[in-house]
file input25.csv (CSV, N, CA and C atoms)
chain,number,residue,atom,x,y,z
E,1,MET,N,314.7,53.3,73.5
E,1,MET,CA,315.5,52.1,73.1
E,1,MET,C,316.2,52.4,71.7
E,2,THR,N,317.5,52.1,71.7
E,2,THR,CA,318.2,52.3,70.4
E,2,THR,C,317.9,51.2,69.4
E,3,ARG,N,318.2,51.4,68.2
E,3,ARG,CA,318.0,50.4,67.1
E,3,ARG,C,318.8,49.1,67.5
E,4,LYS,N,320.0,49.3,68.0
E,4,LYS,CA,320.9,48.2,68.3
E,4,LYS,C,320.3,47.4,69.4
E,5,GLU,N,319.7,48.1,70.4
E,5,GLU,CA,319.1,47.4,71.5
E,5,GLU,C,317.8,46.6,71.1
E,6,GLU,N,317.1,47.2,70.1
E,6,GLU,CA,315.9,46.5,69.6
E,6,GLU,C,316.3,45.2,68.9
E,7,LEU,N,317.4,45.3,68.0
E,7,LEU,CA,317.8,44.1,67.3
E,7,LEU,C,318.4,43.1,68.2
E,8,ASN,N,319.2,43.5,69.2
E,8,ASN,CA,319.7,42.5,70.2
E,8,ASN,C,318.6,41.8,71.0
E,9,GLU,N,317.6,42.5,71.3
E,9,GLU,CA,316.4,41.9,72.0
E,9,GLU,C,315.7,40.9,71.2
E,10,ILE,N,315.6,41.2,69.9
E,10,ILE,CA,314.9,40.2,69.0
E,10,ILE,C,315.7,38.9,68.9
E,11,PHE,N,317.0,39.0,68.9
E,11,PHE,CA,317.9,37.9,68.7
E,11,PHE,C,318.4,37.3,70.0
E,12,GLU,N,317.8,37.6,71.1
E,12,GLU,CA,318.3,37.0,72.4
E,12,GLU,C,318.3,35.5,72.4
E,13,ALA,N,317.3,34.9,71.8
E,13,ALA,CA,317.1,33.4,71.9
E,13,ALA,C,318.0,32.6,70.9
E,14,VAL,N,318.8,33.3,70.1
E,14,VAL,CA,319.7,32.6,69.2
E,14,VAL,C,320.7,31.8,70.0
E,15,ASP,N,321.1,30.7,69.4
E,15,ASP,CA,322.1,29.8,70.0
E,15,ASP,C,323.3,30.6,70.3
E,16,PRO,N,323.9,30.4,71.6
E,16,PRO,CA,325.1,31.2,71.9
E,16,PRO,C,326.3,31.0,71.0
E,17,ASN,N,326.4,29.9,70.3
E,17,ASN,CA,327.5,29.7,69.4
E,17,ASN,C,327.3,30.6,68.1
E,18,GLN,N,326.0,30.8,67.8
E,18,GLN,CA,325.7,31.7,66.6
E,18,GLN,C,325.7,33.1,67.0
E,19,ARG,N,325.6,33.4,68.3
E,19,ARG,CA,325.4,34.8,68.7
E,19,ARG,C,326.5,35.7,68.3
E,20,LYS,N,327.8,35.2,68.3
E,20,LYS,CA,328.9,36.1,67.9
E,20,LYS,C,328.7,36.5,66.4
E,21,LEU,N,328.3,35.6,65.6
E,21,LEU,CA,328.1,35.9,64.2
E,21,LEU,C,326.9,36.9,64.0
E,22,VAL,N,325.8,36.6,64.8
E,22,VAL,CA,324.7,37.5,64.8
E,22,VAL,C,325.0,38.9,65.2
E,23,ASN,N,325.8,39.0,66.2
E,23,ASN,CA,326.2,40.4,66.6
E,23,ASN,C,327.0,41.1,65.5
E,24,LYS,N,327.9,40.4,64.8
E,24,LYS,CA,328.6,41.1,63.7
E,24,LYS,C,327.6,41.4,62.6
E,25,LEU,N,326.7,40.6,62.3
E,25,LEU,CA,325.7,40.8,61.3
E,25,LEU,C,324.8,42.0,61.7
E,26,ILE,N,324.4,42.1,62.9
E,26,ILE,CA,323.6,43.2,63.4
E,26,ILE,C,324.4,44.5,63.2
E,27,ASN,N,325.6,44.5,63.6
E,27,ASN,CA,326.5,45.7,63.4
E,27,ASN,C,326.5,46.1,61.9
E,28,GLU,N,326.6,45.1,61.0
E,28,GLU,CA,326.6,45.4,59.6
E,28,GLU,C,325.3,46.0,59.2
E,29,VAL,N,324.2,45.4,59.7
E,29,VAL,CA,322.9,46.0,59.3
E,29,VAL,C,322.7,47.4,59.8
E,30,LEU,N,323.2,47.7,61.0
E,30,LEU,CA,323.1,49.0,61.5
E,30,LEU,C,323.9,50.0,60.6
E,31,TYR,N,325.1,49.6,60.2
E,31,TYR,CA,325.9,50.4,59.4
E,31,TYR,C,325.2,50.7,58.0
E,32,LEU,N,324.7,49.6,57.5
E,32,LEU,CA,324.0,49.8,56.2
E,32,LEU,C,322.8,50.7,56.3
E,33,GLU,N,322.0,50.5,57.4
E,33,GLU,CA,320.8,51.4,57.6
E,33,GLU,C,321.3,52.9,57.6
E,34,GLU,N,322.3,53.1,58.4
E,34,GLU,CA,322.8,54.5,58.5
E,34,GLU,C,323.3,55.1,57.2
E,35,THR,N,324.0,54.3,56.5
E,35,THR,CA,324.6,54.7,55.2
E,35,THR,C,323.5,54.9,54.1
E,36,LEU,N,322.5,54.0,54.1
E,36,LEU,CA,321.4,54.1,53.2
E,36,LEU,C,320.6,55.4,53.5
E,37,GLU,N,320.4,55.7,54.7
E,37,GLU,CA,319.7,57.0,55.1
E,37,GLU,C,320.4,58.2,54.5
E,38,TYR,N,321.8,58.2,54.7
E,38,TYR,CA,322.6,59.3,54.1
E,38,TYR,C,322.5,59.3,52.6
E,39,LEU,N,322.6,58.2,51.9
E,39,LEU,CA,322.6,58.1,50.5
E,39,LEU,C,321.2,58.6,49.9
E,40,LYS,N,320.2,58.5,50.7
E,40,LYS,CA,318.8,58.9,50.3
E,40,LYS,C,318.8,60.5,50.1
E,41,THR,N,319.7,61.1,50.8
E,41,THR,CA,319.7,62.6,50.8
E,41,THR,C,320.5,63.1,49.5
E,42,LEU,N,321.2,62.2,48.8
E,42,LEU,CA,322.0,62.6,47.7
E,42,LEU,C,321.2,62.4,46.4
E,43,PRO,N,321.5,63.1,45.3
E,43,PRO,CA,320.8,62.9,44.1
E,43,PRO,C,321.1,61.5,43.5
E,44,ALA,N,320.1,60.8,43.0
E,44,ALA,CA,320.2,59.5,42.5
E,44,ALA,C,320.4,59.5,41.0
E,45,ILE,N,319.9,60.6,40.4
E,45,ILE,CA,320.0,60.7,38.9
E,45,ILE,C,320.5,62.0,38.5
E,46,ARG,N,321.2,62.1,37.4
E,46,ARG,CA,321.7,63.3,36.8
E,46,ARG,C,321.0,63.6,35.5
E,47,VAL,N,320.4,64.8,35.4
E,47,VAL,CA,319.7,65.1,34.2
E,47,VAL,C,320.5,66.0,33.3
E,48,HIS,N,320.6,65.7,32.0
E,48,HIS,CA,321.4,66.4,31.0
E,48,HIS,C,320.8,67.9,31.0
E,49,PRO,N,321.7,68.9,31.0
E,49,PRO,CA,321.2,70.3,31.1
E,49,PRO,C,320.4,70.7,29.9
E,50,LYS,N,320.8,70.2,28.7
E,50,LYS,CA,320.1,70.7,27.5
E,50,LYS,C,319.0,69.7,27.0
E,51,ASP,N,319.0,68.5,27.4
E,51,ASP,CA,318.0,67.5,27.0
E,51,ASP,C,317.5,66.8,28.2
E,52,ARG,N,316.4,67.2,28.8
E,52,ARG,CA,315.9,66.7,30.0
E,52,ARG,C,315.5,65.2,29.9
E,53,THR,N,315.3,64.7,28.7
E,53,THR,CA,315.0,63.3,28.5
E,53,THR,C,316.1,62.4,28.7
E,54,LYS,N,317.4,62.9,28.7
E,54,LYS,CA,318.6,62.2,28.9
E,54,LYS,C,318.9,62.2,30.4
E,55,GLN,N,318.9,61.1,31.0
E,55,GLN,CA,319.2,61.0,32.4
E,55,GLN,C,320.2,59.8,32.7
E,56,GLU,N,321.0,59.9,33.7
E,56,GLU,CA,321.9,58.8,34.1
E,56,GLU,C,321.9,58.7,35.6
E,57,ILE,N,322.2,57.5,36.1
E,57,ILE,CA,322.2,57.3,37.5
E,57,ILE,C,323.6,57.8,38.0
E,58,THR,N,323.6,58.4,39.2
E,58,THR,CA,324.8,58.9,39.8
E,58,THR,C,325.5,57.8,40.5
E,59,SER,N,326.7,58.2,41.0
E,59,SER,CA,327.5,57.2,41.8
E,59,SER,C,326.7,56.9,43.1
E,60,ALA,N,326.1,57.9,43.7
E,60,ALA,CA,325.3,57.7,44.9
E,60,ALA,C,324.1,56.8,44.6
E,61,GLY,N,323.5,56.9,43.5
E,61,GLY,CA,322.4,56.0,43.1
E,61,GLY,C,322.8,54.6,42.9
E,62,LYS,N,324.0,54.4,42.3
E,62,LYS,CA,324.5,53.0,42.1
E,62,LYS,C,324.9,52.4,43.5
E,63,LEU,N,325.5,53.2,44.3
E,63,LEU,CA,325.9,52.8,45.6
E,63,LEU,C,324.7,52.4,46.5
E,64,TYR,N,323.7,53.2,46.4
E,64,TYR,CA,322.5,52.9,47.1
E,64,TYR,C,321.9,51.6,46.7
E,65,LYS,N,321.8,51.4,45.4
E,65,LYS,CA,321.3,50.1,44.9
E,65,LYS,C,322.1,48.9,45.3
E,66,ASP,N,323.4,49.0,45.3
E,66,ASP,CA,324.2,47.9,45.7
E,66,ASP,C,324.1,47.6,47.2
E,67,MET,N,324.1,48.7,48.0
E,67,MET,CA,324.0,48.6,49.5
E,67,MET,C,322.6,48.1,49.9
E,68,GLN,N,321.6,48.5,49.1
E,68,GLN,CA,320.2,48.0,49.4
E,68,GLN,C,320.2,46.5,49.2
E,69,GLY,N,320.8,46.0,48.2
E,69,GLY,CA,320.9,44.5,48.0
E,69,GLY,C,321.6,43.8,49.1
E,70,SER,N,322.7,44.4,49.6
E,70,SER,CA,323.4,43.8,50.7
E,70,SER,C,322.6,43.8,52.0
E,71,TYR,N,321.9,44.9,52.2
E,71,TYR,CA,321.0,45.1,53.4
E,71,TYR,C,319.9,44.0,53.3
E,72,ALA,N,319.2,43.9,52.2
E,72,ALA,CA,318.2,42.9,52.1
E,72,ALA,C,318.7,41.5,52.3
E,73,ASN,N,319.9,41.2,51.8
E,73,ASN,CA,320.5,39.9,52.0
E,73,ASN,C,320.8,39.6,53.5
E,74,ASP,N,321.3,40.6,54.2
E,74,ASP,CA,321.6,40.5,55.6
E,74,ASP,C,320.3,40.3,56.4
E,75,ILE,N,319.3,41.0,56.1
E,75,ILE,CA,318.0,40.9,56.8
E,75,ILE,C,317.4,39.5,56.6
E,76,ARG,N,317.6,39.0,55.3
E,76,ARG,CA,317.1,37.6,55.0
E,76,ARG,C,317.8,36.6,55.9
E,77,ILE,N,319.1,36.7,56.0
E,77,ILE,CA,319.9,35.8,56.9
E,77,ILE,C,319.5,35.9,58.3
E,78,LEU,N,319.3,37.1,58.8
E,78,LEU,CA,318.8,37.2,60.2
E,78,LEU,C,317.4,36.6,60.4
E,79,LEU,N,316.6,36.8,59.5
E,79,LEU,CA,315.2,36.2,59.6
E,79,LEU,C,315.3,34.7,59.5
E,80,SER,N,316.2,34.1,58.7
E,80,SER,CA,316.3,32.7,58.7
E,80,SER,C,316.8,32.1,60.0
E,81,LEU,N,317.6,32.9,60.7
E,81,LEU,CA,318.1,32.4,62.0
E,81,LEU,C,316.9,32.5,63.0
E,82,LEU,N,316.1,33.5,62.9
E,82,LEU,CA,314.9,33.6,63.8
E,82,LEU,C,314.0,32.4,63.5
E,83,ASN,N,313.8,32.1,62.3
E,83,ASN,CA,312.9,31.0,62.0
E,83,ASN,C,313.4,29.7,62.6
E,84,LYS,N,314.7,29.5,62.6
E,84,LYS,CA,315.3,28.3,63.2
E,84,LYS,C,315.1,28.3,64.7
E,85,VAL,N,315.2,29.4,65.3
E,85,VAL,CA,314.9,29.5,66.8
E,85,VAL,C,313.5,29.3,67.0
E,86,ASP,N,312.6,29.9,66.3
E,86,ASP,CA,311.2,29.6,66.5
E,86,ASP,C,310.8,28.2,66.2
E,87,ASN,N,311.4,27.6,65.2
E,87,ASN,CA,311.0,26.2,64.9
E,87,ASN,C,311.5,25.3,66.1
E,88,SER,N,312.7,25.5,66.6
E,88,SER,CA,313.1,24.7,67.7
E,88,SER,C,312.2,24.9,69.0
E,89,ALA,N,311.8,26.1,69.2
E,89,ALA,CA,310.9,26.3,70.3
E,89,ALA,C,309.5,25.6,70.1
E,90,GLU,N,309.1,25.7,68.8
E,90,GLU,CA,307.9,25.0,68.4
E,90,GLU,C,308.0,23.5,68.6
E,91,ASN,N,309.1,23.0,68.2
E,91,ASN,CA,309.4,21.5,68.3
E,91,ASN,C,309.4,21.1,69.8
E,92,GLU,N,310.0,21.9,70.6
E,92,GLU,CA,310.0,21.6,72.0
E,92,GLU,C,308.6,21.6,72.6
E,93,LEU,N,307.8,22.5,72.2
E,93,LEU,CA,306.4,22.6,72.6
E,93,LEU,C,305.6,21.3,72.1
E,94,LEU,N,305.9,20.9,70.9
E,94,LEU,CA,305.2,19.7,70.3
E,94,LEU,C,305.6,18.5,71.1
E,95,LYS,N,306.9,18.4,71.5
E,95,LYS,CA,307.3,17.3,72.3
E,95,LYS,C,306.7,17.2,73.6
E,96,LYS,N,306.5,18.3,74.3
E,96,LYS,CA,305.9,18.4,75.6
E,96,LYS,C,304.4,18.1,75.5
E,97,LEU,N,303.8,18.5,74.4
E,97,LEU,CA,302.4,18.2,74.2
E,97,LEU,C,302.2,16.7,73.9
E,98,ALA,N,303.1,16.1,73.2
E,98,ALA,CA,303.0,14.7,72.8
E,98,ALA,C,303.2,13.8,74.1
E,99,GLU,N,303.8,14.3,75.1
E,99,GLU,CA,304.0,13.6,76.4
E,99,GLU,C,302.7,13.4,77.0
E,100,PHE,N,301.7,14.3,76.8
E,100,PHE,CA,300.4,14.2,77.5
E,100,PHE,C,299.5,13.3,76.8
E,101,GLU,N,299.8,12.8,75.6
E,101,GLU,CA,298.8,11.9,74.9
E,101,GLU,C,298.9,10.5,75.4

call {"tool": "encode", "arguments": {"input": "input25.csv", "output": "structure tokens"}}
result
Amino acid sequence: MTRKEELNEIFEAVDPNQRKLVNKLINEVLYLEETLEYLKTLPAIRVHPKDRTKQEITSAGKLYKDMQGSYANDIRILLSLLNKVDNSAENELLKKLAEFE
């Protein structure tokens, strides 16, 4: 099963109106995951050749940090959608249980 299939399976229960947005966000998450994996292979810091105590972050390191923040935010949004789905299912269950009392 591919990563996209895994994520699509997780979000099957999302409201059909929100599904289009979820699909776009899933594609964004997949892109970010792929790019972050690539950025991990690049040097994140540059060390001064004469003074090893002097170091600076590389462009790849800055980009990784920025993209990691975007990735975390996207995941947070997706998780909040799942919580809404779970809560509605839970509320339905509570309504059904209340009918028996």

call {"tool": "closest_residue", "arguments": {"input": "input25.csv", "among": "E:Asn83, E:Asn17, E:Asn23, E:Gln68", "to": "Glu37 (chain E)", "atoms": "only C-alpha atoms"}}
result
E:Gln68

call {"tool": "residues_around", "arguments": {"input": "input25.csv", "residues": "Tyr71 (chain E)", "least_positions_apart": "4", "cutoff": "7 Å", "atoms": "all atoms listed in the file", "output": "PyMOL selection string"}}
result
chain E and resi 29+32-33+66-67+75-76

call {"tool": "write_last_selection", "arguments": {"input": "input25.csv", "atoms": "N, CA and C atoms", "output": "mmCIF file, keeping the file's coordinate frame"}}
result
data_model
loop_
_atom_site.group_PDB
_atom_site.id
_atom_site.type_symbol
_atom_site.label_atom_id
_atom_site.label_comp_id
_atom_site.auth_asym_id
_atom_site.auth_seq_id
_atom_site.Cartn_x
_atom_site.Cartn_y
_atom_site.Cartn_z
ATOM 1 N N VAL E 29 324.200 45.400 59.700
ATOM 2 C CA VAL E 29 322.900 46.000 59.300
ATOM 3 C C VAL E 29 322.700 47.400 59.800
ATOM 4 N N LEU E 32 324.700 49.600 57.500
ATOM 5 C CA LEU E 32 324.000 49.800 56.200
ATOM 6 C C LEU E 32 322.800 50.700 56.300
ATOM 7 N N GLU E 33 322.000 50.500 57.400
ATOM 8 C CA GLU E 33 320.800 51.400 57.600
ATOM 9 C C GLU E 33 321.300 52.900 57.600
ATOM 10 N N ASP E 66 323.400 49.000 45.300
ATOM 11 C CA ASP E 66 324.200 47.900 45.700
ATOM 12 C C ASP E 66 324.100 47.600 47.200
ATOM 13 N N MET E 67 324.100 48.700 48.000
ATOM 14 C CA MET E 67 324.000 48.600 49.500
ATOM 15 C C MET E 67 322.600 48.100 49.900
ATOM 16 N N ILE E 75 319.300 41.000 56.100
ATOM 17 C CA ILE E 75 318.000 40.900 56.800
ATOM 18 C C ILE E 75 317.400 39.500 56.600
ATOM 19 N N ARG E 76 317.600 39.000 55.300
ATOM 20 C CA ARG E 76 317.100 37.600 55.000
ATOM 21 C C ARG E 76 317.800 36.600 55.900
#

call {"tool": "atom_distance", "arguments": {"input": "input25.csv", "atom1": "CA of Leu82 (chain E)", "atom2": "CA of Leu36 (chain E)"}}
result
24.0 Å

call {"tool": "closest_residue", "arguments": {"input": "input25.csv", "among": "E:Met1, E:Ser70, E:Pro16, E:Pro43", "to": "Thr58 (chain E)", "atoms": "all atoms listed in the file"}}
result
E:Pro43

call {"tool": "atom_distance", "arguments": {"input": "input25.csv", "atom1": "atom C of Glu6 (chain E)", "atom2": "CA of Leu30 (chain E)"}}
result
10.7 Å

call {"tool": "atom_distance", "arguments": {"input": "input25.csv", "atom1": "CA of Arg3 (chain E)", "atom2": "CA of Tyr38 (chain E)"}}
result
16.4 Å

call {"tool": "select_by_dssp", "arguments": {"input": "input25.csv", "residues": "chain E", "states": "strand (DSSP E)", "output": "NGL selection string"}}
result
:E and (45-47 or 55-57)

call {"tool": "closest_residue", "arguments": {"input": "input25.csv", "among": "E:Glu56, E:Glu9, E:Asp74, E:Asp15", "to": "Asn27 (chain E)", "atoms": "only C-alpha atoms"}}
result
E:Asp74

call {"tool": "select_by_dssp", "arguments": {"input": "input25.csv", "residues": "chain E", "states": "alpha helix (DSSP H)", "output": "MDAnalysis selection string"}}
result
chainID E and resid 3:10 16:40 59:99
